[in-house]
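**Student:** What follows is protein-v7.txt, made up of compact mmCIF, C-alpha atoms and all ligand atoms:
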# COMPACT_ATOMS: atom_id res chain seq x y z
CA MET G 37 57.70 353.42 -46.83
CA ALA G 38 59.91 351.13 -48.89
CA GLN G 39 60.63 347.68 -47.50
CA ALA G 40 63.69 345.45 -47.77
CA TRP G 41 64.78 342.05 -46.52
CA THR G 42 67.89 342.17 -44.37
CA LEU G 43 70.13 339.43 -43.06
CA LYS G 44 69.25 339.23 -39.37
CA SER G 45 71.80 336.55 -38.52
CA ARG G 46 74.31 334.43 -40.40
CA PRO G 47 72.94 330.95 -41.18
CA GLN G 48 74.64 327.97 -39.58
CA GLY G 49 74.08 325.17 -42.06
CA THR G 50 70.84 325.38 -44.03
CA PRO G 51 69.30 328.87 -43.70
CA THR G 52 65.90 329.29 -42.04
CA LEU G 53 63.31 332.06 -42.15
CA ASP G 54 64.68 333.29 -38.79
CA ASN G 55 67.85 334.43 -40.56
CA PHE G 56 65.88 337.12 -42.43
CA GLU G 57 63.99 340.24 -41.39
CA LEU G 58 61.75 342.55 -43.41
CA VAL G 59 62.33 346.19 -42.43
CA GLY G 60 61.29 349.67 -43.56
CA ILE G 61 64.03 351.60 -45.37
CA GLU G 62 64.58 355.29 -46.08
CA LEU G 63 65.32 355.89 -49.75
CA PRO G 64 67.84 358.57 -50.75
CA ALA G 65 66.58 361.76 -52.39
CA LEU G 66 66.35 361.70 -56.18
CA GLU G 67 69.49 363.65 -57.11
CA PRO G 68 70.28 364.56 -60.72
CA GLY G 69 71.32 361.46 -62.69
CA MET G 70 69.25 359.10 -60.53
CA VAL G 71 66.11 357.00 -61.00
CA ARG G 72 63.40 355.90 -58.61
CA LEU G 73 62.41 352.29 -59.24
CA ALA G 74 59.50 350.05 -58.33
CA ASN G 75 60.77 346.49 -58.44
CA ARG G 76 58.65 344.08 -60.46
CA TRP G 77 60.75 340.89 -60.33
CA LEU G 78 63.39 339.68 -57.86
CA SER G 79 65.92 336.94 -58.42
CA VAL G 80 67.13 334.52 -55.77
CA ASP G 81 70.31 332.62 -56.62
CA PRO G 82 72.41 329.92 -54.93
CA TYR G 83 75.53 332.15 -54.84
CA MET G 84 73.74 334.36 -52.29
CA ARG G 85 74.22 331.59 -49.72
CA GLY G 86 78.00 332.13 -49.90
CA ARG G 87 77.54 335.86 -49.29
CA MET G 88 75.71 335.07 -46.05
CA ASN G 89 78.94 333.68 -44.55
CA ASP G 90 81.47 336.10 -43.12
CA VAL G 91 84.31 334.91 -45.31
CA LYS G 92 86.44 336.44 -48.02
CA SER G 93 85.27 335.41 -51.48
CA TYR G 94 84.93 336.77 -55.01
CA VAL G 95 82.03 338.93 -53.75
CA PRO G 96 81.98 340.58 -50.31
CA PRO G 97 79.74 339.09 -47.60
CA PHE G 98 76.30 340.59 -46.90
CA ALA G 99 76.35 342.80 -43.81
CA ILE G 100 74.08 341.96 -40.89
CA GLY G 101 71.10 344.33 -40.71
CA GLU G 102 71.65 345.76 -44.20
CA PRO G 103 69.31 345.18 -47.15
CA LEU G 104 70.29 342.09 -49.10
CA GLN G 105 71.23 342.52 -52.73
CA GLY G 106 70.48 340.57 -55.87
CA GLY G 107 69.37 340.79 -59.45
CA ALA G 108 66.04 342.53 -60.04
CA ILE G 109 63.90 344.03 -62.75
CA GLY G 110 62.56 347.45 -61.81
CA GLU G 111 60.23 349.89 -63.50
CA VAL G 112 61.37 353.50 -63.56
CA VAL G 113 58.69 355.54 -61.78
CA GLU G 114 60.61 358.84 -61.64
CA SER G 115 63.77 359.86 -63.44
CA SER G 116 66.24 362.70 -63.30
CA ALA G 117 68.67 360.82 -65.55
CA ASP G 118 69.22 361.35 -69.27
CA GLY G 119 68.02 358.43 -71.39
CA LEU G 120 65.73 356.92 -68.75
CA LYS G 121 62.05 357.78 -68.37
CA ALA G 122 59.09 356.61 -66.34
CA GLY G 123 57.90 353.24 -67.58
CA ASP G 124 61.33 351.98 -68.67
CA LEU G 125 62.24 348.53 -67.35
CA VAL G 126 65.77 348.09 -66.08
CA LEU G 127 68.00 345.36 -64.69
CA HIS G 128 69.91 346.16 -61.50
CA MET G 129 71.27 344.66 -58.28
CA ALA G 130 69.00 346.28 -55.66
CA GLY G 131 66.84 343.20 -55.21
CA TRP G 132 65.23 341.80 -52.00
CA ARG G 133 63.21 345.06 -51.72
CA ASP G 134 60.21 346.70 -53.32
CA GLU G 135 61.64 350.13 -54.20
CA ALA G 136 65.05 351.66 -54.81
CA VAL G 137 66.67 354.95 -55.81
CA LEU G 138 69.81 354.35 -57.84
CA PRO G 139 72.26 356.24 -60.04
CA ALA G 140 71.65 355.58 -63.73
CA SER G 141 75.09 353.95 -63.89
CA ALA G 142 73.79 351.14 -61.65
CA VAL G 143 70.93 350.14 -63.96
CA GLN G 144 70.83 348.63 -67.42
CA LYS G 145 67.97 348.97 -69.89
CA LEU G 146 66.68 345.57 -70.96
CA PRO G 147 67.85 344.38 -74.35
CA GLU G 148 65.04 343.90 -76.88
CA LEU G 149 65.05 340.19 -77.61
CA GLY G 150 61.30 339.63 -77.74
CA VAL G 151 61.09 337.86 -74.37
CA PRO G 152 59.23 338.97 -71.21
CA PRO G 153 61.19 341.08 -68.67
CA GLU G 154 61.58 338.27 -66.14
CA ALA G 155 63.54 336.22 -68.69
CA TYR G 156 66.44 338.64 -68.18
CA LEU G 157 66.88 337.25 -64.66
CA GLY G 158 67.01 333.68 -65.96
CA GLN G 159 67.62 332.16 -69.35
CA MET G 160 68.33 335.49 -71.07
CA GLY G 161 70.30 336.84 -68.11
CA MET G 162 73.06 335.88 -65.69
CA PRO G 163 72.14 332.17 -65.37
CA GLY G 164 71.80 331.80 -69.14
CA MET G 165 75.12 333.52 -69.69
CA THR G 166 76.68 331.15 -67.15
CA ALA G 167 75.38 328.19 -69.14
CA TYR G 168 76.52 329.63 -72.47
CA PHE G 169 80.09 330.59 -71.60
CA GLY G 170 80.59 327.70 -69.18
CA LEU G 171 79.63 325.14 -71.79
CA LEU G 172 81.08 326.65 -74.96
CA GLU G 173 84.15 328.48 -73.60
CA VAL G 174 85.19 326.92 -70.31
CA ALA G 175 84.44 323.32 -71.34
CA SER G 176 85.09 323.95 -75.07
CA ALA G 177 82.07 321.74 -75.81
CA LYS G 178 81.52 321.02 -79.49
CA GLU G 179 79.21 319.12 -81.83
CA GLY G 180 79.19 315.38 -81.17
CA ASP G 181 80.39 315.65 -77.55
CA VAL G 182 78.65 313.67 -74.83
CA VAL G 183 77.77 316.27 -72.17
CA PHE G 184 76.71 315.50 -68.61
CA VAL G 185 75.08 318.36 -66.65
CA SER G 186 73.90 318.29 -63.03
CA ALA G 187 70.96 320.31 -61.58
CA ALA G 188 69.65 320.05 -65.14
CA ALA G 189 66.13 321.21 -64.21
CA GLY G 190 67.42 324.48 -62.75
CA ALA G 191 68.03 327.85 -64.38
CA VAL G 192 71.62 327.24 -65.48
CA GLY G 193 71.30 323.50 -66.08
CA SER G 194 68.17 323.67 -68.23
CA THR G 195 69.88 326.25 -70.42
CA VAL G 196 72.99 324.07 -70.70
CA VAL G 197 70.80 321.20 -71.91
CA GLN G 198 69.21 323.33 -74.62
CA ILE G 199 72.37 325.07 -75.84
CA ALA G 200 74.08 321.69 -76.04
CA LYS G 201 71.23 320.29 -78.14
CA ALA G 202 71.18 323.39 -80.35
CA LYS G 203 74.90 322.78 -80.99
CA GLY G 204 74.48 319.08 -81.85
CA MET G 205 75.74 317.46 -78.66
CA LYS G 206 74.44 314.42 -76.85
CA VAL G 207 73.15 315.46 -73.42
CA ILE G 208 72.63 313.62 -70.15
CA GLY G 209 70.91 315.67 -67.44
CA ALA G 210 70.64 314.84 -63.75
CA ALA G 211 67.82 316.17 -61.58
CA GLY G 212 65.91 315.25 -58.42
CA GLY G 213 62.67 313.34 -58.96
CA ALA G 214 60.69 311.82 -61.82
CA ASP G 215 58.76 314.98 -62.71
CA LYS G 216 61.88 317.10 -63.09
CA CYS G 217 63.57 314.36 -65.10
CA ALA G 218 60.59 314.18 -67.44
CA TRP G 219 60.76 317.95 -67.88
CA VAL G 220 64.50 317.79 -68.67
CA LYS G 221 63.80 315.05 -71.23
CA GLY G 222 61.16 317.35 -72.74
CA LEU G 223 63.87 319.99 -73.21
CA GLY G 224 65.65 317.57 -75.53
CA ALA G 225 68.03 315.68 -73.21
CA ASP G 226 68.97 312.31 -74.68
CA ALA G 227 69.02 310.68 -71.24
CA VAL G 228 68.17 311.69 -67.69
CA ILE G 229 69.34 310.59 -64.27
CA ASP G 230 67.16 310.88 -61.19
CA TYR G 231 69.81 311.24 -58.50
CA LYS G 232 67.22 310.61 -55.80
CA ALA G 233 66.37 307.21 -57.29
CA GLY G 234 69.81 305.60 -57.03
CA PRO G 235 73.56 306.16 -57.20
CA VAL G 236 74.53 308.71 -59.87
CA ILE G 237 77.63 306.79 -60.85
CA LYS G 238 75.77 303.60 -61.72
CA GLN G 239 73.10 305.45 -63.66
CA LEU G 240 75.68 307.51 -65.56
CA MET G 241 77.64 304.41 -66.52
CA ASP G 242 74.41 302.84 -67.80
CA VAL G 243 73.45 305.77 -70.03
CA ALA G 244 76.98 306.69 -71.15
CA PRO G 245 78.79 303.36 -71.54
CA GLY G 246 81.39 305.01 -73.78
CA GLY G 247 82.05 307.79 -71.25
CA ILE G 248 81.51 311.56 -71.26
CA ASP G 249 83.47 314.30 -73.05
CA VAL G 250 82.18 317.21 -70.96
CA TYR G 251 80.87 317.66 -67.45
CA PHE G 252 79.06 320.86 -66.47
CA ASP G 253 79.06 320.83 -62.67
CA ASN G 254 76.35 322.61 -60.72
CA VAL G 255 76.27 320.23 -57.76
CA GLY G 256 79.67 318.74 -56.83
CA GLY G 257 79.71 315.69 -54.53
CA ASP G 258 78.50 312.40 -55.95
CA HIS G 259 77.70 314.01 -59.33
CA LEU G 260 81.27 315.25 -59.72
CA ASP G 261 82.63 311.91 -58.59
CA ALA G 262 80.45 310.08 -61.14
CA ALA G 263 81.71 312.42 -63.87
CA LEU G 264 85.33 311.75 -62.85
CA ALA G 265 84.66 308.03 -62.97
CA THR G 266 83.12 308.11 -66.46
CA ALA G 267 85.21 310.84 -68.11
CA LYS G 268 86.84 309.93 -71.42
CA GLU G 269 90.49 310.71 -71.89
CA ARG G 270 91.03 314.50 -72.14
CA ALA G 271 87.44 315.25 -71.07
CA ARG G 272 86.77 318.86 -70.02
CA PHE G 273 84.97 319.88 -66.82
CA ALA G 274 83.41 323.32 -66.30
CA ILE G 275 83.06 323.71 -62.55
CA CYS G 276 80.20 326.18 -62.21
CA GLY G 277 78.77 325.42 -58.79
CA MET G 278 78.74 322.90 -55.94
CA ILE G 279 75.35 323.50 -54.34
CA GLU G 280 75.53 320.16 -52.55
CA MET G 281 78.03 321.66 -50.08
CA TYR G 282 76.88 325.30 -49.80
CA ASN G 283 75.04 324.64 -46.54
CA THR G 284 77.22 321.93 -45.06
CA GLY G 285 80.63 323.26 -46.02
CA ALA G 286 81.70 319.62 -45.79
CA PRO G 287 84.47 318.54 -48.11
CA THR G 288 83.27 316.50 -51.03
CA GLN G 289 84.69 313.01 -51.01
CA LEU G 290 85.95 312.20 -54.49
CA ARG G 291 86.87 308.56 -54.85
CA TYR G 292 87.77 308.96 -58.51
CA ALA G 293 89.89 312.13 -58.25
CA ALA G 294 93.03 310.29 -59.33
CA ARG G 295 91.50 309.86 -62.81
CA ILE G 296 92.29 313.56 -63.35
CA ILE G 297 95.87 312.45 -63.84
CA GLY G 298 95.57 309.26 -65.84
CA ALA G 299 92.76 310.50 -68.08
CA ARG G 300 94.47 313.93 -68.52
CA LEU G 301 91.27 315.75 -67.52
CA ARG G 302 90.99 319.51 -67.87
CA ILE G 303 89.04 320.89 -64.91
CA GLN G 304 88.35 324.60 -64.76
CA GLY G 305 86.26 326.71 -62.43
CA PHE G 306 84.81 330.01 -63.63
CA ILE G 307 82.74 333.00 -62.59
CA VAL G 308 80.24 334.33 -65.10
CA SER G 309 81.26 337.95 -64.51
CA ASP G 310 84.53 337.15 -66.31
CA TYR G 311 82.46 337.02 -69.51
CA MET G 312 80.20 340.07 -69.09
CA ALA G 313 82.09 342.03 -71.74
CA ARG G 314 81.09 339.31 -74.21
CA ALA G 315 77.36 339.57 -73.46
CA PRO G 316 76.53 340.61 -77.08
CA GLU G 317 77.66 337.17 -78.34
CA PHE G 318 75.37 335.52 -75.83
CA TYR G 319 72.38 337.72 -76.73
CA ARG G 320 72.97 337.17 -80.45
CA ASP G 321 73.03 333.37 -80.25
CA MET G 322 70.23 333.08 -77.68
CA ALA G 323 67.96 335.37 -79.71
CA GLY G 324 68.63 333.23 -82.79
CA TRP G 325 67.85 329.97 -80.97
CA ALA G 326 64.74 331.49 -79.36
CA GLN G 327 63.45 332.62 -82.77
CA ALA G 328 64.17 329.16 -84.20
CA GLY G 329 62.04 327.63 -81.41
CA LYS G 330 65.02 325.85 -79.83
CA LEU G 331 64.66 327.34 -76.35
CA LYS G 332 61.98 326.58 -73.79
CA ARG G 333 61.77 328.66 -70.65
CA GLU G 334 60.19 327.97 -67.31
CA GLU G 335 60.03 330.04 -64.16
CA THR G 336 58.86 329.06 -60.70
CA VAL G 337 57.23 332.23 -59.39
CA LEU G 338 56.43 333.08 -55.77
CA GLU G 339 54.10 336.04 -55.33
CA GLY G 340 54.99 339.07 -53.23
CA LEU G 341 58.06 340.53 -51.52
CA ALA G 342 57.11 338.65 -48.33
CA ARG G 343 57.90 335.33 -50.04
CA THR G 344 61.49 336.20 -51.02
CA PRO G 345 63.20 334.16 -48.26
CA ASP G 346 60.90 331.21 -49.06
CA ALA G 347 61.98 331.41 -52.69
CA PHE G 348 65.63 331.51 -51.66
CA LEU G 349 65.29 328.55 -49.29
CA GLY G 350 63.49 326.63 -52.04
CA LEU G 351 66.68 326.55 -54.11
CA PHE G 352 68.18 324.13 -51.59
CA SER G 353 65.21 321.78 -51.47
CA GLY G 354 64.54 321.62 -55.20
CA GLY G 355 61.49 323.89 -55.00
CA ASN G 356 62.10 325.31 -58.46
CA THR G 357 61.83 324.05 -62.01
CA GLY G 358 63.68 326.47 -64.26
CA LYS G 359 64.43 329.86 -62.74
CA MET G 360 63.23 330.72 -59.21
CA LEU G 361 61.70 334.20 -59.11
CA VAL G 362 59.61 336.48 -56.92
CA ARG G 363 56.99 338.75 -58.49
CA VAL G 364 56.58 341.93 -56.45
P1 LIG G 401 69.00 326.21 -59.85
O1 LIG G 401 67.89 326.86 -60.58
O2 LIG G 401 69.69 325.04 -60.49
O3 LIG G 401 68.47 325.83 -58.40
C1 LIG G 401 69.18 325.01 -57.57
C2 LIG G 401 68.85 323.52 -57.82
O4 LIG G 401 69.91 322.73 -57.31
C3 LIG G 401 67.62 323.03 -57.10
O5 LIG G 401 66.43 323.27 -57.82
C4 LIG G 401 67.90 321.56 -56.90
O6 LIG G 401 67.38 320.82 -58.00
C5 LIG G 401 69.43 321.46 -56.97
N1 LIG G 401 69.98 321.09 -55.66
C6 LIG G 401 69.87 321.76 -54.49
N2 LIG G 401 70.51 321.12 -53.51
C7 LIG G 401 71.05 319.99 -54.08
C8 LIG G 401 71.82 318.90 -53.59
N3 LIG G 401 72.19 318.83 -52.29
N4 LIG G 401 72.18 317.92 -54.46
C9 LIG G 401 71.82 317.98 -55.75
N5 LIG G 401 71.08 318.99 -56.28
C10 LIG G 401 70.70 319.98 -55.45
O7 LIG G 401 70.12 327.29 -59.53
P2 LIG G 401 71.00 328.05 -60.61
O8 LIG G 401 70.71 327.52 -61.95
O9 LIG G 401 70.87 329.50 -60.37
O10 LIG G 401 72.48 327.63 -60.18
C11 LIG G 401 72.98 326.33 -60.48
C12 LIG G 401 74.43 326.23 -60.01
O11 LIG G 401 75.21 327.16 -60.76
C13 LIG G 401 74.63 326.57 -58.54
O12 LIG G 401 75.61 325.71 -58.01
C14 LIG G 401 75.15 327.99 -58.59
O13 LIG G 401 75.92 328.32 -57.47
C15 LIG G 401 75.97 327.94 -59.87
N6 LIG G 401 76.19 329.25 -60.50
C16 LIG G 401 77.48 329.60 -60.75
C17 LIG G 401 77.76 330.75 -61.42
C18 LIG G 401 79.19 331.08 -61.73
O14 LIG G 401 79.47 332.20 -62.18
N7 LIG G 401 80.11 330.17 -61.52
C19 LIG G 401 76.70 331.69 -61.83
C20 LIG G 401 75.35 331.19 -61.57
C21 LIG G 401 75.13 330.01 -60.92
P3 LIG G 401 66.92 319.27 -57.82
O15 LIG G 401 65.47 319.31 -57.45
O16 LIG G 401 67.20 318.68 -59.16
O17 LIG G 401 67.75 318.70 -56.71
How would this structure read if it were set down as structure tokens?
**Tutor:**
Amino acid sequence: MAQAWTLKSRPQGTPTLDNFELVGIELPALEPGMVRLANRWLSVDPYMRGRMNDVKSYVPPFAIGEPLQGGAIGEVVESSADGLKAGDLVLHMAGWRDEAVLPASAVQKLPELGVPPEAYLGQMGMPGMTAYFGLLEVASAKEGDVVFVSAAAGAVGSTVVQIAKAKGMKVIGAAGGADKCAWVKGLGADAVIDYKAGPVIKQLMDVAPGGIDVYFDNVGGDHLDAALATAKERARFAICGMIEMYNTGAPTQLRYAARIIGARLRIQGFIVSDYMARAPEFYRDMAGWAQAGKLKREETVLEGLARTPDAFLGLFSGGNTGKMLVRV
């Protein structure tokens, strides 16, 4: 019988393993136009935390007792759909489970960019696309800009660092701990900030005495405040995520918010799905940079469906370098 993780109860604050339950699920019959999939890779992503709250948002909340959803790479094991055959690898949203039966319209064949399948859940997939459009479109970052990016050792942040370097920008990455900072430096960052070692604002002022042109926000809180404090006039902020408050829900205290006015800052939030129609641009540029040796990829892999909640919880304690994945 197929198995899936369900949300047993809504987390209060930081989720725990008790919030999740692994259950057997009945799969629908394979009707014409459908595929039966064996999942090979599952993605866990910070946005899933928001879906665990019963609040209205840009995606509906997960239902209690229902299989959770998320990005996954599945192998077609049986097909009654034109254009899909056993052995094909596809991207789809029926993650957090080992098997699924889906209509062909709900799966996407993997592009052929010469990278392993799991890369399409990370650097060559949704997180990479978030980095690409957030940096180049939302923040209008260009050659010569000084870019500050938080959670720089994560899936989105590490891609921001590398795209910025490929485009001739100066990059400052913030991450938690000396090892992660060394890894971010190895990606090409000009300077790194270990936010666990001291106040972000002081460190950012030290490494960017002339200020920053662009801030790519993955964290919020003290990182956002430091960026506000050091922003040059007319700096652009792409507000991608605020993981620092996903579990607490506490309002971020921004002591330097008034600089938005005086420094004429442009601050824009975005959701990556707004840019899905432009995926070919992303694939084209990323494939070019990958072939030119300008992209390094790392995944933190937990083995087996049983570890999926552990992988998810790890996102909030810095358990991952690069993309957090589960191999089924
Ligand atoms: P990551 O791979 O970056 O994993 C999360 C990382 O965040 C952790 O490894 C940890 O790194 C850091 N972190 C966790 N808690 C805190 C905290 N309290 N303070 C500072 N850092 C913390 O995840 P993603 O790359 O998938 O996502 C990064 C951000 O982008 C998230 O905020 C996410 O919600 C957002 N996002 C937004 C999208 C959009 O469309 N707007 C799409 C995709 C992602 P460390 O060890 O360095 O602390």
**Student:** Would you please work out which residue, of G:Pro51, G:Gly164, G:Gly234, G:Gly204, is nearest to Ala323 of chain G when using only C-alpha atoms?
**Tutor:** G:Gly164
**Student:** Counting only C-alpha atoms and all ligand atoms, which protein, DNA or RNA residues come within 6 Å of ligand LIG 401 (chain G), given as a ChimeraX atom specification?
**Tutor:** /G:81-83,163,166,187,189-193,211-212,254-255,276-280,306-308,351-356,358-359
**Student:** For a quick check of understanding, using all atoms listed in the file, which of G:Tyr231, G:Trp219, G:Phe252, G:Trp41 has the smallest distance to Val182 of chain G?
**Tutor:**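 The shortest atom-to-atom distance to Val182 of chain G comes from G:Phe252.
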**Student:** Which of these, G:Gly86, G:Gly257, G:Gly324, G:Gly161, has the shortest distance to Arg291 of chain G once you count only C-alpha atoms?
**Tutor:**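 Result for the nearest residue to Arg291 of chain G: G:Gly257.
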**Student:** Would you mind reading off the distance between atom CA of Val151 of chain G and atom CA of Val196 of chain G, one decimal, in Å?
**Tutor:**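 These two atoms are separated by 18.6 Å.
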**Student:** Would you please work out which residue, of G:Arg133, G:Arg333, G:Lys121, G:Arg46, is nearest to Ala155 of chain G when using only C-alpha atoms?
**Tutor:** G:Arg333
**Student:** Check the smallest atom-to-atom distance from each of G:Ala130, G:Val236, G:Met205, G:Leu78 to Glu154 of chain G using all atoms listed in the file, then report the winner.
**Tutor:**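 Of G:Ala130, G:Val236, G:Met205, G:Leu78, the one nearest Glu154 of chain G, counting all atoms listed in the file, is G:Leu78.
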**Student:** Show me, as a Markdown table, the residues of segment 130-248 of chain G having an atom within 10 Å of segment 108-114 of chain G, each with the closest atom pair and its distance in Å, using all atoms listed in the file.
**Tutor:**
| residue | atom | partner | partner_atom | distance |
| --- | --- | --- | --- | --- |
| G:Ala130 | CA | G:Ala108 | CA | 6.5 |
| G:Gly131 | CA | G:Ala108 | CA | 4.9 |
| G:Trp132 | CA | G:Ala108 | CA | 8.1 |
| G:Arg133 | CA | G:Ala108 | CA | 9.1 |
| G:Asp134 | CA | G:Gly110 | CA | 8.8 |
| G:Glu135 | CA | G:Gly110 | CA | 8.1 |
| G:Ala136 | CA | G:Gly110 | CA | 8.5 |
| G:Val137 | CA | G:Glu114 | CA | 9.3 |
| G:Val143 | CA | G:Gly110 | CA | 9.1 |
| G:Gln144 | CA | G:Ile109 | CA | 9.5 |
| G:Lys145 | CA | G:Ile109 | CA | 9.6 |
| G:Leu146 | CA | G:Ile109 | CA | 8.8 |
| G:Pro153 | CA | G:Ile109 | CA | 7.1 |
| G:Glu154 | CA | G:Ile109 | CA | 7.1 |
| G:Ala155 | CA | G:Ile109 | CA | 9.8 |
| G:Tyr156 | CA | G:Ile109 | CA | 8.1 |
| G:Leu157 | CA | G:Ala108 | CA | 7.1 |
**Student:** Compare G:Ala175, G:Met160, G:Ile229, G:His259 by their minimum atom-to-atom distance to Glu334 of chain G, counting all atoms listed in the file, and give me the closest one.
**Tutor:**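 Among the listed residues, G:Met160 lies closest to Glu334 of chain G.
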**Student:** Would you kindly return, as a list in words, each protein, DNA or RNA residue with an atom no farther than 7 Å from any atom of segment 197-201 of chain G, considering all atoms listed in the file and excluding same-chain residues fewer than 2 positions away?
**Tutor:**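 In the requested format, the answer is Ala188, Gly193, Ser194, Thr195, Lys203, Gly204, Met205, Lys206, Val207, Leu223, Gly224, Ala225 and Leu331 of chain G.
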**Student:** Do a neighbour search on Val362 of chain G at 9 Å with all atoms listed in the file, toss out local chain neighbours closer than 3 positions, and write the hits as an MDAnalysis selection string.
**Tutor:** chainID G and resid 76:80 336:341 343:344 347
**Student:** Using 8 Å of padding on each side, determine the axis-aligned box around all atoms of segment 233-245 of chain G present in the file and give its centre and edge lengths in Å to one decimal, as AutoDock Vina command-line options.
**Tutor:**
--center_x 72.6 --center_y 305.8 --center_z -64.3 --size_x 28.4 --size_y 21.9 --size_z 30.5
**Student:** Give me the residues within 12 Å of Gly69 of chain G as number ranges by chain, counting all atoms listed in the file and dropping any in the same chain fewer than 6 places off.
**Tutor:** G: 114-121, 137-143
**Student:** Please report the interatomic distance between atom CA of Pro345 of chain G and atom CA of Met88 of chain G in Å with one decimal.
**Tutor:**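 These atoms are spaced 12.7 Å apart.
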**Student:** Could you complete segment 293-298 of chain G so that it carries all heavy atoms, and give it back as a CSV table (one decimal), in the coordinates of the input?
**Tutor:**
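And here is the file that came out, rebuild39.csv:
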chain,number,residue,atom,x,y,z
G,293,ALA,N,89.1,310.9,-57.9
G,293,ALA,CA,89.9,312.1,-58.2
G,293,ALA,C,91.2,311.8,-59.0
G,293,ALA,O,91.6,312.6,-59.8
G,293,ALA,CB,90.2,312.9,-57.0
G,294,ALA,N,91.7,310.6,-58.7
G,294,ALA,CA,93.0,310.3,-59.3
G,294,ALA,C,92.9,310.1,-60.8
G,294,ALA,O,93.9,310.2,-61.6
G,294,ALA,CB,93.6,309.0,-58.7
G,295,ARG,N,91.7,310.0,-61.3
G,295,ARG,CA,91.5,309.9,-62.8
G,295,ARG,C,91.9,311.2,-63.5
G,295,ARG,O,92.1,311.2,-64.7
G,295,ARG,CB,90.1,309.5,-63.2
G,295,ARG,CG,89.7,308.0,-62.8
G,295,ARG,CD,88.7,307.4,-63.7
G,295,ARG,NE,89.2,307.2,-65.1
G,295,ARG,CZ,88.6,307.7,-66.1
G,295,ARG,NH1,87.5,308.5,-66.0
G,295,ARG,NH2,89.1,307.4,-67.3
G,296,ILE,N,91.9,312.3,-62.8
G,296,ILE,CA,92.3,313.6,-63.4
G,296,ILE,C,93.7,313.4,-64.0
G,296,ILE,O,93.9,313.9,-65.1
G,296,ILE,CB,92.3,314.7,-62.3
G,296,ILE,CG1,91.0,314.9,-61.7
G,296,ILE,CG2,92.9,316.0,-62.8
G,296,ILE,CD1,91.0,315.7,-60.4
G,297,ILE,N,94.5,312.6,-63.4
G,297,ILE,CA,95.9,312.4,-63.8
G,297,ILE,C,95.9,311.5,-65.0
G,297,ILE,O,96.2,311.9,-66.2
G,297,ILE,CB,96.8,311.9,-62.7
G,297,ILE,CG1,96.6,312.7,-61.4
G,297,ILE,CG2,98.2,311.9,-63.2
G,297,ILE,CD1,97.0,312.0,-60.2
G,298,GLY,N,95.5,310.3,-64.8
G,298,GLY,CA,95.6,309.3,-65.8
G,298,GLY,C,94.8,309.6,-67.1
G,298,GLY,O,95.2,309.3,-68.2
